file data_0.pdb (PDB, C-alpha atoms, pLDDT in the B column)
ATOM      1  CA  MET A   1     -21.554   2.264   3.800  1.00 54.00           C
ATOM      2  CA  LYS A   2     -21.116   5.324   1.621  1.00 64.00           C
ATOM      3  CA  PRO A   3     -21.321   4.875  -2.163  1.00 62.00           C
ATOM      4  CA  ALA A   4     -18.045   5.398  -4.013  1.00 59.00           C
ATOM      5  CA  ALA A   5     -19.087   8.780  -5.345  1.00 60.00           C
ATOM      6  CA  ALA A   6     -19.612  10.032  -1.797  1.00 76.00           C
ATOM      7  CA  ARG A   7     -16.261   8.854  -0.421  1.00 90.00           C
ATOM      8  CA  ARG A   8     -13.485  11.385   0.102  1.00 96.00           C
ATOM      9  CA  VAL A   9     -10.057   9.774   0.345  1.00 96.00           C
ATOM     10  CA  LEU A  10      -6.527  11.018   0.987  1.00 97.00           C
ATOM     11  CA  VAL A  11      -3.775   8.830  -0.499  1.00 96.00           C
ATOM     12  CA  THR A  12      -0.187   9.455   0.544  1.00 93.00           C
ATOM     13  CA  GLY A  13       2.461   8.553  -2.012  1.00 83.00           C
ATOM     14  CA  GLY A  14       0.407   8.664  -5.193  1.00 71.00           C
ATOM     15  CA  MET A  15       3.410   8.658  -7.537  1.00 70.00           C
ATOM     16  CA  ALA A  16       4.999   5.207  -7.060  1.00 78.00           C
ATOM     17  CA  ALA A  17       3.398   2.208  -8.779  1.00 80.00           C
ATOM     18  CA  PRO A  18       1.111   0.981  -5.951  1.00 84.00           C
ATOM     19  CA  GLY A  19       0.010   4.479  -4.920  1.00 88.00           C
ATOM     20  CA  ARG A  20      -0.546   5.489  -8.527  1.00 89.00           C
ATOM     21  CA  ALA A  21      -2.766   2.439  -9.103  1.00 92.00           C
ATOM     22  CA  ILE A  22      -4.722   3.186  -5.935  1.00 93.00           C
ATOM     23  CA  VAL A  23      -5.374   6.788  -6.999  1.00 93.00           C
ATOM     24  CA  GLN A  24      -6.429   5.692 -10.482  1.00 92.00           C
ATOM     25  CA  HIS A  25      -8.703   2.938  -9.179  1.00 93.00           C
ATOM     26  CA  LEU A  26     -10.445   5.071  -6.569  1.00 94.00           C
ATOM     27  CA  ALA A  27     -10.860   8.078  -8.854  1.00 92.00           C
ATOM     28  CA  GLY A  28     -12.093   5.790 -11.624  1.00 92.00           C
ATOM     29  CA  SER A  29     -14.745   4.352  -9.313  1.00 91.00           C
ATOM     30  CA  GLY A  30     -16.058   7.826  -8.569  1.00 92.00           C
ATOM     31  CA  CYS A  31     -14.368   8.620  -5.255  1.00 93.00           C
ATOM     32  CA  MET A  32     -13.176  12.138  -4.552  1.00 95.00           C
ATOM     33  CA  VAL A  33      -9.429  11.603  -4.174  1.00 95.00           C
ATOM     34  CA  ALA A  34      -6.569  13.795  -3.019  1.00 95.00           C
ATOM     35  CA  PHE A  35      -3.027  12.467  -3.124  1.00 92.00           C
ATOM     36  CA  ALA A  36       0.000  13.843  -1.351  1.00 91.00           C
ATOM     37  CA  ALA A  37       3.513  13.864  -2.788  1.00 81.00           C
ATOM     38  CA  SER A  38       6.508  16.129  -3.084  1.00 72.00           C
ATOM     39  CA  HIS A  39       6.961  15.748  -6.833  1.00 62.00           C
ATOM     40  CA  GLY A  40       5.779  19.178  -7.971  1.00 56.00           C
ATOM     41  CA  GLY A  41       5.112  19.173 -11.702  1.00 51.00           C
ATOM     42  CA  ARG A  42       4.826  15.387 -11.879  1.00 58.00           C
ATOM     43  CA  GLY A  43       2.128  15.524  -9.214  1.00 54.00           C
ATOM     44  CA  ILE A  44       0.185  18.141 -11.160  1.00 56.00           C
ATOM     45  CA  ALA A  45       0.405  16.002 -14.303  1.00 55.00           C
ATOM     46  CA  ARG A  46      -0.810  12.963 -12.368  1.00 56.00           C
ATOM     47  CA  ALA A  47      -3.760  14.970 -11.049  1.00 62.00           C
ATOM     48  CA  ASP A  48      -4.670  15.984 -14.591  1.00 61.00           C
ATOM     49  CA  ASP A  49      -4.574  12.329 -15.689  1.00 70.00           C
ATOM     50  CA  THR A  50      -6.797  11.039 -12.878  1.00 67.00           C
ATOM     51  CA  ALA A  51      -9.057  13.976 -11.902  1.00 80.00           C
ATOM     52  CA  ALA A  52      -7.645  13.626  -8.377  1.00 89.00           C
ATOM     53  CA  ARG A  53      -6.494  16.596  -6.317  1.00 91.00           C
ATOM     54  CA  PHE A  54      -2.743  16.976  -5.894  1.00 90.00           C
ATOM     55  CA  ILE A  55      -1.616  18.079  -2.427  1.00 92.00           C
ATOM     56  CA  PRO A  56       2.072  19.060  -2.447  1.00 88.00           C
ATOM     57  CA  GLY A  57       3.941  18.748   0.813  1.00 87.00           C
ATOM     58  CA  ASP A  58       6.849  17.250   2.710  1.00 87.00           C
ATOM     59  CA  CYS A  59       5.700  14.891   5.457  1.00 87.00           C
ATOM     60  CA  ARG A  60       9.136  14.982   7.094  1.00 85.00           C
ATOM     61  CA  GLN A  61       9.070  18.707   7.744  1.00 86.00           C
ATOM     62  CA  ASP A  62       7.780  19.998  11.064  1.00 88.00           C
ATOM     63  CA  GLY A  63       4.031  20.418  10.687  1.00 92.00           C
ATOM     64  CA  GLY A  64       4.160  18.958   7.181  1.00 92.00           C
ATOM     65  CA  VAL A  65       1.696  16.144   7.844  1.00 96.00           C
ATOM     66  CA  ASP A  66      -0.802  18.416   9.587  1.00 96.00           C
ATOM     67  CA  GLN A  67      -0.668  20.842   6.655  1.00 96.00           C
ATOM     68  CA  ILE A  68      -1.179  18.086   4.074  1.00 96.00           C
ATOM     69  CA  VAL A  69      -4.201  16.746   5.960  1.00 97.00           C
ATOM     70  CA  ALA A  70      -5.685  20.217   6.422  1.00 97.00           C
ATOM     71  CA  ASP A  71      -5.247  20.954   2.710  1.00 96.00           C
ATOM     72  CA  ALA A  72      -6.847  17.630   1.755  1.00 96.00           C
ATOM     73  CA  VAL A  73      -9.812  18.136   4.076  1.00 97.00           C
ATOM     74  CA  GLY A  74     -10.289  21.613   2.658  1.00 96.00           C
ATOM     75  CA  ALA A  75     -10.027  20.442  -0.947  1.00 95.00           C
ATOM     76  CA  LEU A  76     -12.415  17.491  -0.477  1.00 96.00           C
ATOM     77  CA  GLY A  77     -14.802  19.100   1.982  1.00 95.00           C
ATOM     78  CA  GLY A  78     -14.131  16.423   4.598  1.00 96.00           C
ATOM     79  CA  LEU A  79     -12.521  13.005   4.803  1.00 96.00           C
ATOM     80  CA  ASP A  80     -13.802   9.434   4.764  1.00 95.00           C
ATOM     81  CA  GLY A  81     -10.598   7.522   4.161  1.00 96.00           C
ATOM     82  CA  LEU A  82      -6.832   7.661   4.610  1.00 97.00           C
ATOM     83  CA  VAL A  83      -4.595   5.387   2.553  1.00 97.00           C
ATOM     84  CA  TRP A  84      -0.925   5.455   3.550  1.00 95.00           C
ATOM     85  CA  THR A  85       1.384   3.936   0.937  1.00 92.00           C
ATOM     86  CA  ASP A  86       4.510   6.033   1.126  1.00 84.00           C
ATOM     87  CA  GLY A  87       7.080   3.936   2.951  1.00 84.00           C
ATOM     88  CA  SER A  88      10.767   3.637   2.130  1.00 85.00           C
ATOM     89  CA  ARG A  89      13.039   0.645   1.782  1.00 85.00           C
ATOM     90  CA  HIS A  90      16.556  -0.196   2.968  1.00 87.00           C
ATOM     91  CA  THR A  91      18.390  -3.340   1.937  1.00 88.00           C
ATOM     92  CA  ALA A  92      20.597  -4.559   4.784  1.00 90.00           C
ATOM     93  CA  ARG A  93      20.659  -7.124   7.545  1.00 92.00           C
ATOM     94  CA  ILE A  94      19.931  -5.888  11.046  1.00 90.00           C
ATOM     95  CA  SER A  95      23.564  -6.378  12.082  1.00 94.00           C
ATOM     96  CA  GLU A  96      24.672  -4.266   9.115  1.00 93.00           C
ATOM     97  CA  THR A  97      22.080  -1.495   9.471  1.00 90.00           C
ATOM     98  CA  THR A  98      23.541   1.851  10.438  1.00 94.00           C
ATOM     99  CA  ASP A  99      21.964   3.998  13.126  1.00 96.00           C
ATOM    100  CA  SER A 100      21.001   6.629  10.551  1.00 95.00           C
ATOM    101  CA  ALA A 101      19.377   4.037   8.259  1.00 93.00           C
ATOM    102  CA  TRP A 102      17.475   2.565  11.226  1.00 91.00           C
ATOM    103  CA  ASP A 103      16.185   5.989  12.245  1.00 94.00           C
ATOM    104  CA  SER A 104      15.201   6.806   8.666  1.00 93.00           C
ATOM    105  CA  ILE A 105      13.261   3.565   8.132  1.00 92.00           C
ATOM    106  CA  LEU A 106      11.363   3.906  11.406  1.00 93.00           C
ATOM    107  CA  GLU A 107      10.599   7.552  10.611  1.00 94.00           C
ATOM    108  CA  ASP A 108       9.297   6.806   7.106  1.00 93.00           C
ATOM    109  CA  ASN A 109       7.507   3.508   7.799  1.00 93.00           C
ATOM    110  CA  LEU A 110       6.117   3.980  11.294  1.00 95.00           C
ATOM    111  CA  VAL A 111       6.317   7.532  12.618  1.00 95.00           C
ATOM    112  CA  VAL A 112       4.957   9.228   9.490  1.00 95.00           C
ATOM    113  CA  PRO A 113       1.909   6.925   9.161  1.00 96.00           C
ATOM    114  CA  PHE A 114       1.271   7.455  12.881  1.00 97.00           C
ATOM    115  CA  ARG A 115       1.268  11.208  12.298  1.00 96.00           C
ATOM    116  CA  PHE A 116      -1.093  10.909   9.339  1.00 97.00           C
ATOM    117  CA  ALA A 117      -3.513   8.697  11.271  1.00 97.00           C
ATOM    118  CA  LYS A 118      -3.446  11.041  14.255  1.00 97.00           C
ATOM    119  CA  ALA A 119      -4.025  14.113  12.076  1.00 97.00           C
ATOM    120  CA  CYS A 120      -6.861  12.456  10.130  1.00 97.00           C
ATOM    121  CA  MET A 121      -8.711  10.942  13.086  1.00 96.00           C
ATOM    122  CA  PRO A 122     -10.876  14.017  13.906  1.00 95.00           C
ATOM    123  CA  ALA A 123     -12.094  14.302  10.312  1.00 96.00           C
ATOM    124  CA  LEU A 124     -12.626  10.545   9.953  1.00 95.00           C
ATOM    125  CA  SER A 125     -14.591  10.443  13.205  1.00 90.00           C
ATOM    126  CA  ASP A 126     -17.062  12.954  11.788  1.00 88.00           C
ATOM    127  CA  GLY A 127     -19.408  10.392  10.250  1.00 84.00           C
ATOM    128  CA  GLY A 128     -17.093   7.393  10.295  1.00 88.00           C
ATOM    129  CA  GLY A 129     -14.194   6.468   8.046  1.00 94.00           C
ATOM    130  CA  SER A 130     -11.386   4.071   7.269  1.00 95.00           C
ATOM    131  CA  ILE A 131      -7.604   3.988   7.609  1.00 97.00           C
ATOM    132  CA  VAL A 132      -5.655   1.631   5.361  1.00 97.00           C
ATOM    133  CA  PHE A 133      -1.912   1.174   5.684  1.00 96.00           C
ATOM    134  CA  VAL A 134      -0.090  -0.439   2.763  1.00 94.00           C
ATOM    135  CA  ALA A 135       2.845  -2.070   4.524  1.00 90.00           C
ATOM    136  CA  SER A 136       4.893  -5.027   3.251  1.00 84.00           C
ATOM    137  CA  GLY A 137       4.917  -8.787   3.297  1.00 82.00           C
ATOM    138  CA  THR A 138       7.982  -8.479   5.526  1.00 80.00           C
ATOM    139  CA  ALA A 139       5.594  -7.434   8.292  1.00 75.00           C
ATOM    140  CA  VAL A 140       4.120 -10.947   8.207  1.00 80.00           C
ATOM    141  CA  ARG A 141       7.281 -12.973   7.727  1.00 78.00           C
ATOM    142  CA  THR A 142      10.691 -11.412   8.165  1.00 78.00           C
ATOM    143  CA  GLU A 143      13.244 -11.098   5.384  1.00 80.00           C
ATOM    144  CA  MET A 144      16.853 -11.136   6.538  1.00 82.00           C
ATOM    145  CA  GLU A 145      18.047  -8.722   3.850  1.00 87.00           C
ATOM    146  CA  LEU A 146      15.311  -6.229   4.763  1.00 88.00           C
ATOM    147  CA  GLY A 147      15.869  -6.204   8.500  1.00 83.00           C
ATOM    148  CA  ALA A 148      14.782  -2.705   9.507  1.00 88.00           C
ATOM    149  CA  CYS A 149      11.850  -2.785   7.084  1.00 90.00           C
ATOM    150  CA  SER A 150      10.626  -6.029   8.631  1.00 88.00           C
ATOM    151  CA  VAL A 151      10.717  -4.567  12.140  1.00 91.00           C
ATOM    152  CA  ALA A 152       8.977  -1.336  11.108  1.00 90.00           C
ATOM    153  CA  GLY A 153       6.342  -3.243   9.137  1.00 91.00           C
ATOM    154  CA  ARG A 154       5.474  -5.432  12.115  1.00 91.00           C
ATOM    155  CA  ALA A 155       5.155  -2.366  14.314  1.00 93.00           C
ATOM    156  CA  LEU A 156       2.835  -0.817  11.733  1.00 95.00           C
ATOM    157  CA  LEU A 157       0.484  -3.786  12.129  1.00 95.00           C
ATOM    158  CA  TRP A 158       0.278  -3.065  15.845  1.00 96.00           C
ATOM    159  CA  LEU A 159      -0.346   0.606  15.141  1.00 97.00           C
ATOM    160  CA  ALA A 160      -3.306  -0.368  12.969  1.00 97.00           C
ATOM    161  CA  ASN A 161      -4.601  -2.633  15.729  1.00 96.00           C
ATOM    162  CA  MET A 162      -4.412   0.170  18.291  1.00 97.00           C
ATOM    163  CA  LEU A 163      -6.196   2.546  15.906  1.00 97.00           C
ATOM    164  CA  ALA A 164      -8.887  -0.107  15.381  1.00 95.00           C
ATOM    165  CA  VAL A 165      -9.413  -0.377  19.143  1.00 95.00           C
ATOM    166  CA  GLU A 166      -9.573   3.375  19.646  1.00 95.00           C
ATOM    167  CA  GLY A 167     -11.417   4.124  16.429  1.00 94.00           C
ATOM    168  CA  GLY A 168     -14.143   1.490  16.710  1.00 92.00           C
ATOM    169  CA  PRO A 169     -16.422   3.472  19.048  1.00 92.00           C
ATOM    170  CA  ARG A 170     -15.852   6.524  16.861  1.00 92.00           C
ATOM    171  CA  GLY A 171     -16.844   4.723  13.660  1.00 92.00           C
ATOM    172  CA  VAL A 172     -13.307   4.486  12.295  1.00 95.00           C
ATOM    173  CA  SER A 173     -11.808   1.233  11.009  1.00 95.00           C
ATOM    174  CA  ALA A 174      -8.085   0.558  10.587  1.00 96.00           C
ATOM    175  CA  ASN A 175      -6.566  -2.239   8.521  1.00 96.00           C
ATOM    176  CA  THR A 176      -3.276  -3.149   6.878  1.00 96.00           C
ATOM    177  CA  ILE A 177      -2.373  -4.615   3.500  1.00 95.00           C
ATOM    178  CA  CYS A 178       0.894  -6.549   3.289  1.00 90.00           C
ATOM    179  CA  PRO A 179       1.978  -7.030  -0.324  1.00 89.00           C
ATOM    180  CA  GLY A 180       4.676  -9.456  -1.286  1.00 81.00           C
ATOM    181  CA  ASP A 181       6.846  -8.681  -4.298  1.00 78.00           C
ATOM    182  CA  ILE A 182       4.981  -6.430  -6.725  1.00 71.00           C
ATOM    183  CA  ALA A 183       5.573  -7.104 -10.409  1.00 63.00           C
ATOM    184  CA  ALA A 184       6.086  -3.419 -11.244  1.00 53.00           C
ATOM    185  CA  VAL A 185       8.974  -3.024  -8.799  1.00 51.00           C
ATOM    186  CA  ALA A 186      10.398  -6.527  -8.330  1.00 46.00           C
ATOM    187  CA  GLY A 187      12.729  -6.301 -11.346  1.00 46.00           C
ATOM    188  CA  PRO A 188      14.760  -3.299 -10.185  1.00 44.00           C
ATOM    189  CA  ILE A 189      14.953  -4.681  -6.641  1.00 44.00           C
ATOM    190  CA  ALA A 190      16.237  -8.049  -7.876  1.00 44.00           C
ATOM    191  CA  ASN A 191      19.139  -6.274  -9.583  1.00 45.00           C
ATOM    192  CA  GLU A 192      20.420  -4.697  -6.374  1.00 47.00           C
ATOM    193  CA  PRO A 193      23.828  -6.171  -5.426  1.00 51.00           C
ATOM    194  CA  GLN A 194      22.574  -7.438  -2.042  1.00 48.00           C
ATOM    195  CA  MET A 195      19.643  -9.234  -3.671  1.00 42.00           C
ATOM    196  CA  ARG A 196      21.409 -10.773  -6.699  1.00 46.00           C
ATOM    197  CA  ASP A 197      23.363 -13.105  -4.427  1.00 51.00           C
ATOM    198  CA  LEU A 198      20.142 -14.694  -3.170  1.00 45.00           C
ATOM    199  CA  GLY A 199      19.490 -16.465  -6.467  1.00 48.00           C
ATOM    200  CA  PRO A 200      16.542 -16.258  -8.887  1.00 50.00           C
ATOM    201  CA  PRO A 201      13.239 -14.789  -7.654  1.00 58.00           C
ATOM    202  CA  PHE A 202      10.600 -17.157  -6.342  1.00 66.00           C
ATOM    203  CA  VAL A 203       7.468 -17.963  -8.321  1.00 70.00           C
ATOM    204  CA  PRO A 204       4.508 -17.973  -5.895  1.00 67.00           C
ATOM    205  CA  PRO A 205       1.976 -20.833  -5.971  1.00 70.00           C
ATOM    206  CA  ALA A 206      -0.530 -18.586  -7.772  1.00 67.00           C
ATOM    207  CA  GLY A 207       1.942 -18.378 -10.648  1.00 69.00           C
ATOM    208  CA  ARG A 208       2.464 -14.617 -10.656  1.00 75.00           C
ATOM    209  CA  LEU A 209       3.519 -11.750  -8.458  1.00 77.00           C
ATOM    210  CA  ALA A 210       1.047  -9.221  -7.115  1.00 78.00           C
ATOM    211  CA  SER A 211       0.186  -6.317  -9.397  1.00 84.00           C
ATOM    212  CA  PRO A 212      -0.453  -2.707  -8.347  1.00 85.00           C
ATOM    213  CA  GLY A 213      -4.065  -3.303  -9.373  1.00 89.00           C
ATOM    214  CA  ASP A 214      -4.339  -6.144  -6.856  1.00 90.00           C
ATOM    215  CA  ILE A 215      -3.276  -3.742  -4.123  1.00 92.00           C
ATOM    216  CA  ALA A 216      -5.707  -1.061  -5.294  1.00 93.00           C
ATOM    217  CA  ARG A 217      -8.685  -3.437  -5.216  1.00 93.00           C
ATOM    218  CA  ALA A 218      -7.786  -4.567  -1.697  1.00 93.00           C
ATOM    219  CA  VAL A 219      -7.581  -0.950  -0.555  1.00 95.00           C
ATOM    220  CA  ASP A 220     -11.010  -0.285  -2.032  1.00 94.00           C
ATOM    221  CA  PHE A 221     -12.412  -3.284  -0.146  1.00 93.00           C
ATOM    222  CA  PHE A 222     -11.177  -1.984   3.195  1.00 94.00           C
ATOM    223  CA  LEU A 223     -12.363   1.560   2.478  1.00 93.00           C
ATOM    224  CA  GLN A 224     -15.881   0.248   1.951  1.00 85.00           C
ATOM    225  CA  GLY A 225     -15.889  -1.702   5.207  1.00 69.00           C
ATOM    226  CA  SER A 226     -17.070  -0.656   8.633  1.00 60.00           C
ATOM    227  CA  PRO A 227     -15.663  -1.230  12.141  1.00 58.00           C
ATOM    228  CA  GLY A 228     -18.417  -3.693  12.929  1.00 62.00           C
ATOM    229  CA  THR A 229     -17.354  -6.083  10.160  1.00 77.00           C
ATOM    230  CA  CYS A 230     -13.674  -5.636   9.352  1.00 90.00           C
ATOM    231  CA  THR A 231     -11.179  -3.677  11.418  1.00 94.00           C
ATOM    232  CA  GLY A 232      -7.814  -4.489  12.959  1.00 93.00           C
ATOM    233  CA  ALA A 233      -7.189  -6.948  10.134  1.00 93.00           C
ATOM    234  CA  SER A 234      -4.179  -7.521   7.906  1.00 92.00           C
ATOM    235  CA  LEU A 235      -4.345  -8.914   4.380  1.00 91.00           C
ATOM    236  CA  THR A 236      -1.328 -10.538   2.741  1.00 88.00           C
ATOM    237  CA  ILE A 237      -1.229 -10.338  -1.046  1.00 87.00           C
ATOM    238  CA  ASP A 238       1.686 -12.417  -2.331  1.00 81.00           C
ATOM    239  CA  GLY A 239       0.258 -15.164  -4.520  1.00 75.00           C
ATOM    240  CA  GLY A 240       0.421 -17.631  -1.622  1.00 73.00           C
ATOM    241  CA  LEU A 241       4.195 -17.458  -1.187  1.00 73.00           C
ATOM    242  CA  ARG A 242       4.010 -17.024   2.586  1.00 72.00           C
ATOM    243  CA  ALA A 243       1.203 -19.551   3.012  1.00 72.00           C
ATOM    244  CA  ALA A 244       3.523 -22.504   3.673  1.00 68.00           C
ATOM    245  CA  LEU A 245       7.134 -23.459   4.138  1.00 58.00           C
ATOM    246  CA  ARG A 246       8.880 -23.830   0.756  1.00 64.00           C
ATOM    247  CA  ALA A 247       5.733 -22.672  -1.043  1.00 65.00           C
ATOM    248  CA  SER A 248       7.967 -21.259  -3.783  1.00 62.00           C
ATOM    249  CA  LYS A 249       8.865 -24.806  -4.890  1.00 67.00           C
ATOM    250  CA  VAL A 250       5.318 -25.594  -6.050  1.00 66.00           C
ATOM    251  CA  HIS A 251       6.121 -24.885  -9.698  1.00 64.00           C
ATOM    252  CA  GLN A 252       9.296 -26.960  -9.560  1.00 62.00           C
ATOM    253  CA  GLN A 253       7.398 -30.202  -8.977  1.00 56.00           C
TER     254      GLN A 253
END
call {"tool": "encode", "arguments": {"input": "data_0.pdb", "output": "structure tokens"}}
result
Amino acid sequence: MKPAAARRVLVTGGMAAPGRAIVQHLAGSGCMVAFAASHGGRGIARADDTAARFIPGDCRQDGGVDQIVADAVGALGGLDGLVWTDGSRHTARISETTDSAWDSILEDNLVVPFRFAKACMPALSDGGGSIVFVASGTAVRTEMELGACSVAGRALLWLANMLAVEGGPRGVSANTICPGDIAAVAGPIANEPQMRDLGPPFVPPAGRLASPGDIARAVDFFLQGSPGTCTGASLTIDGGLRAALRASKVHQQ
């Protein structure tokens, strides 16, 4: 296991709350961190705040992912970890999901992480490394109002499993984190018209929603692991909400 100061990590999506916390946590622990985003000046400001390297790029453009990875490897002098946390979200039931929305969700939440993993594998195999996908709790238990996201999230778990199988002999682990509602983003989501009709948000048995810091610490755990001990695993972080049927009613007793 490499010490934190020796780990070189690429984080995709370092501007949203979970990605931002991951970049801050890893850089604060001494890792060499590069984060990819298409936010221009905001990305530069974030790099100044965290001492991480900002890699501008558009992962949807042809060759965009390969260029981002090449720039990160060049900036860090190699790569020991990939953290993908840049998915998108679409609120709709499967029967109400348009073809264009379906294609967009699968592109953002499955195809793009596949491309990043594929592009990073040669560098990660040079001495061993880790891939961590930050998916969603909908990958573990479906949510009717997030139909396409649930399907894409489940497929992402299988992608991680396949990478674990292929990467094991090459010293590369692959794992997935499945957060439930995150406190920093749950408020705006709850105010969406499709979600307001579902009633008040659930309080998980643990008494609070997950925080971006919870996600960051879980990412750090997986980055420190090795294929021989932890690979092909998924970790749900939701305060116990998905642990049992009607778990949300614990605090109503």
call {"tool": "residues_near_point", "arguments": {"input": "data_0.pdb", "point": "(-19.8, 3.3, 16.7)", "cutoff": "12 Å", "atoms": "all atoms listed in the file", "output": "PDB file with C-alpha atoms, keeping the file's coordinate frame"}}
result
ATOM      1  CA  SER A 125     -14.591  10.443  13.205  1.00 90.00           C
ATOM      2  CA  ASP A 126     -17.062  12.954  11.788  1.00 88.00           C
ATOM      3  CA  GLY A 127     -19.408  10.392  10.250  1.00 84.00           C
ATOM      4  CA  GLY A 128     -17.093   7.393  10.295  1.00 88.00           C
ATOM      5  CA  GLY A 129     -14.194   6.468   8.046  1.00 94.00           C
ATOM      6  CA  ALA A 164      -8.887  -0.107  15.381  1.00 95.00           C
ATOM      7  CA  VAL A 165      -9.413  -0.377  19.143  1.00 95.00           C
ATOM      8  CA  GLU A 166      -9.573   3.375  19.646  1.00 95.00           C
ATOM      9  CA  GLY A 167     -11.417   4.124  16.429  1.00 94.00           C
ATOM     10  CA  GLY A 168     -14.143   1.490  16.710  1.00 92.00           C
ATOM     11  CA  PRO A 169     -16.422   3.472  19.048  1.00 92.00           C
ATOM     12  CA  ARG A 170     -15.852   6.524  16.861  1.00 92.00           C
ATOM     13  CA  GLY A 171     -16.844   4.723  13.660  1.00 92.00           C
ATOM     14  CA  VAL A 172     -13.307   4.486  12.295  1.00 95.00           C
ATOM     15  CA  SER A 173     -11.808   1.233  11.009  1.00 95.00           C
ATOM     16  CA  SER A 226     -17.070  -0.656   8.633  1.00 60.00           C
ATOM     17  CA  PRO A 227     -15.663  -1.230  12.141  1.00 58.00           C
ATOM     18  CA  GLY A 228     -18.417  -3.693  12.929  1.00 62.00           C
ATOM     19  CA  THR A 229     -17.354  -6.083  10.160  1.00 77.00           C
TER      20      THR A 229
END
call {"tool": "residues_around", "arguments": {"input": "data_0.pdb", "residues": "Ala233 (chain A)", "least_positions_apart": "6", "cutoff": "8 Å", "atoms": "only C-alpha atoms", "output": "number ranges by chain"}}
result
A: 161, 174-176
call {"tool": "residues_around", "arguments": {"input": "data_0.pdb", "residues": "region 58-74 of chain A", "least_positions_apart": "2", "cutoff": "12 Å", "atoms": "only C-alpha atoms", "output": "PyMOL selection string"}}
result
chain A and resi 8-13+32-40+52-56+76-84+86-87+104+107-109+111-124+126
call {"tool": "write_last_selection", "arguments": {"input": "data_0.pdb", "atoms": "C-alpha atoms", "output": "compact mmCIF listing (two decimals), in the coordinates of the input"}}
result
# COMPACT_ATOMS: atom_id res chain seq x y z
CA ARG A 8 -13.48 11.38 0.10
CA VAL A 9 -10.06 9.77 0.34
CA LEU A 10 -6.53 11.02 0.99
CA VAL A 11 -3.78 8.83 -0.50
CA THR A 12 -0.19 9.46 0.54
CA GLY A 13 2.46 8.55 -2.01
CA MET A 32 -13.18 12.14 -4.55
CA VAL A 33 -9.43 11.60 -4.17
CA ALA A 34 -6.57 13.80 -3.02
CA PHE A 35 -3.03 12.47 -3.12
CA ALA A 36 0.00 13.84 -1.35
CA ALA A 37 3.51 13.86 -2.79
CA SER A 38 6.51 16.13 -3.08
CA HIS A 39 6.96 15.75 -6.83
CA GLY A 40 5.78 19.18 -7.97
CA ALA A 52 -7.64 13.63 -8.38
CA ARG A 53 -6.49 16.60 -6.32
CA PHE A 54 -2.74 16.98 -5.89
CA ILE A 55 -1.62 18.08 -2.43
CA PRO A 56 2.07 19.06 -2.45
CA LEU A 76 -12.42 17.49 -0.48
CA GLY A 77 -14.80 19.10 1.98
CA GLY A 78 -14.13 16.42 4.60
CA LEU A 79 -12.52 13.00 4.80
CA ASP A 80 -13.80 9.43 4.76
CA GLY A 81 -10.60 7.52 4.16
CA LEU A 82 -6.83 7.66 4.61
CA VAL A 83 -4.60 5.39 2.55
CA TRP A 84 -0.92 5.46 3.55
CA ASP A 86 4.51 6.03 1.13
CA GLY A 87 7.08 3.94 2.95
CA SER A 104 15.20 6.81 8.67
CA GLU A 107 10.60 7.55 10.61
CA ASP A 108 9.30 6.81 7.11
CA ASN A 109 7.51 3.51 7.80
CA VAL A 111 6.32 7.53 12.62
CA VAL A 112 4.96 9.23 9.49
CA PRO A 113 1.91 6.92 9.16
CA PHE A 114 1.27 7.46 12.88
CA ARG A 115 1.27 11.21 12.30
CA PHE A 116 -1.09 10.91 9.34
CA ALA A 117 -3.51 8.70 11.27
CA LYS A 118 -3.45 11.04 14.26
CA ALA A 119 -4.03 14.11 12.08
CA CYS A 120 -6.86 12.46 10.13
CA MET A 121 -8.71 10.94 13.09
CA PRO A 122 -10.88 14.02 13.91
CA ALA A 123 -12.09 14.30 10.31
CA LEU A 124 -12.63 10.54 9.95
CA ASP A 126 -17.06 12.95 11.79
call {"tool": "atom_distance", "arguments": {"input": "data_0.pdb", "atom1": "CA of Gly28 (chain A)", "atom2": "CA of Arg217 (chain A)"}}
result
11.7 Å
call {"tool": "axis_aligned_box", "arguments": {"input": "data_0.pdb", "around": "region 20-37 of chain A", "padding_each_side": "8 Å", "output": "JSON"}}
result
{"center_x": -6.3, "center_y": 8.2, "center_z": -6.5, "size_x": 35.6, "size_y": 27.4, "size_z": 26.3}
call {"tool": "resolve_selection", "arguments": {"input": "data_0.pdb", "expression": "the PyMOL selection byres ((chain A and resi 236) around 10)", "output": "PDB file with C-alpha atoms, in the frame of the given file"}}
result
ATOM      1  CA  ALA A 135       2.845  -2.070   4.524  1.00 90.00           C
ATOM      2  CA  SER A 136       4.893  -5.027   3.251  1.00 84.00           C
ATOM      3  CA  GLY A 137       4.917  -8.787   3.297  1.00 82.00           C
ATOM      4  CA  THR A 138       7.982  -8.479   5.526  1.00 80.00           C
ATOM      5  CA  ALA A 139       5.594  -7.434   8.292  1.00 75.00           C
ATOM      6  CA  VAL A 140       4.120 -10.947   8.207  1.00 80.00           C
ATOM      7  CA  THR A 176      -3.276  -3.149   6.878  1.00 96.00           C
ATOM      8  CA  ILE A 177      -2.373  -4.615   3.500  1.00 95.00           C
ATOM      9  CA  CYS A 178       0.894  -6.549   3.289  1.00 90.00           C
ATOM     10  CA  PRO A 179       1.978  -7.030  -0.324  1.00 89.00           C
ATOM     11  CA  GLY A 180       4.676  -9.456  -1.286  1.00 81.00           C
ATOM     12  CA  ILE A 215      -3.276  -3.742  -4.123  1.00 92.00           C
ATOM     13  CA  ALA A 218      -7.786  -4.567  -1.697  1.00 93.00           C
ATOM     14  CA  SER A 234      -4.179  -7.521   7.906  1.00 92.00           C
ATOM     15  CA  LEU A 235      -4.345  -8.914   4.380  1.00 91.00           C
ATOM     16  CA  ILE A 237      -1.229 -10.338  -1.046  1.00 87.00           C
ATOM     17  CA  ASP A 238       1.686 -12.417  -2.331  1.00 81.00           C
ATOM     18  CA  GLY A 239       0.258 -15.164  -4.520  1.00 75.00           C
ATOM     19  CA  GLY A 240       0.421 -17.631  -1.622  1.00 73.00           C
ATOM     20  CA  LEU A 241       4.195 -17.458  -1.187  1.00 73.00           C
ATOM     21  CA  ARG A 242       4.010 -17.024   2.586  1.00 72.00           C
ATOM     22  CA  ALA A 243       1.203 -19.551   3.012  1.00 72.00           C
TER      23      ALA A 243
END
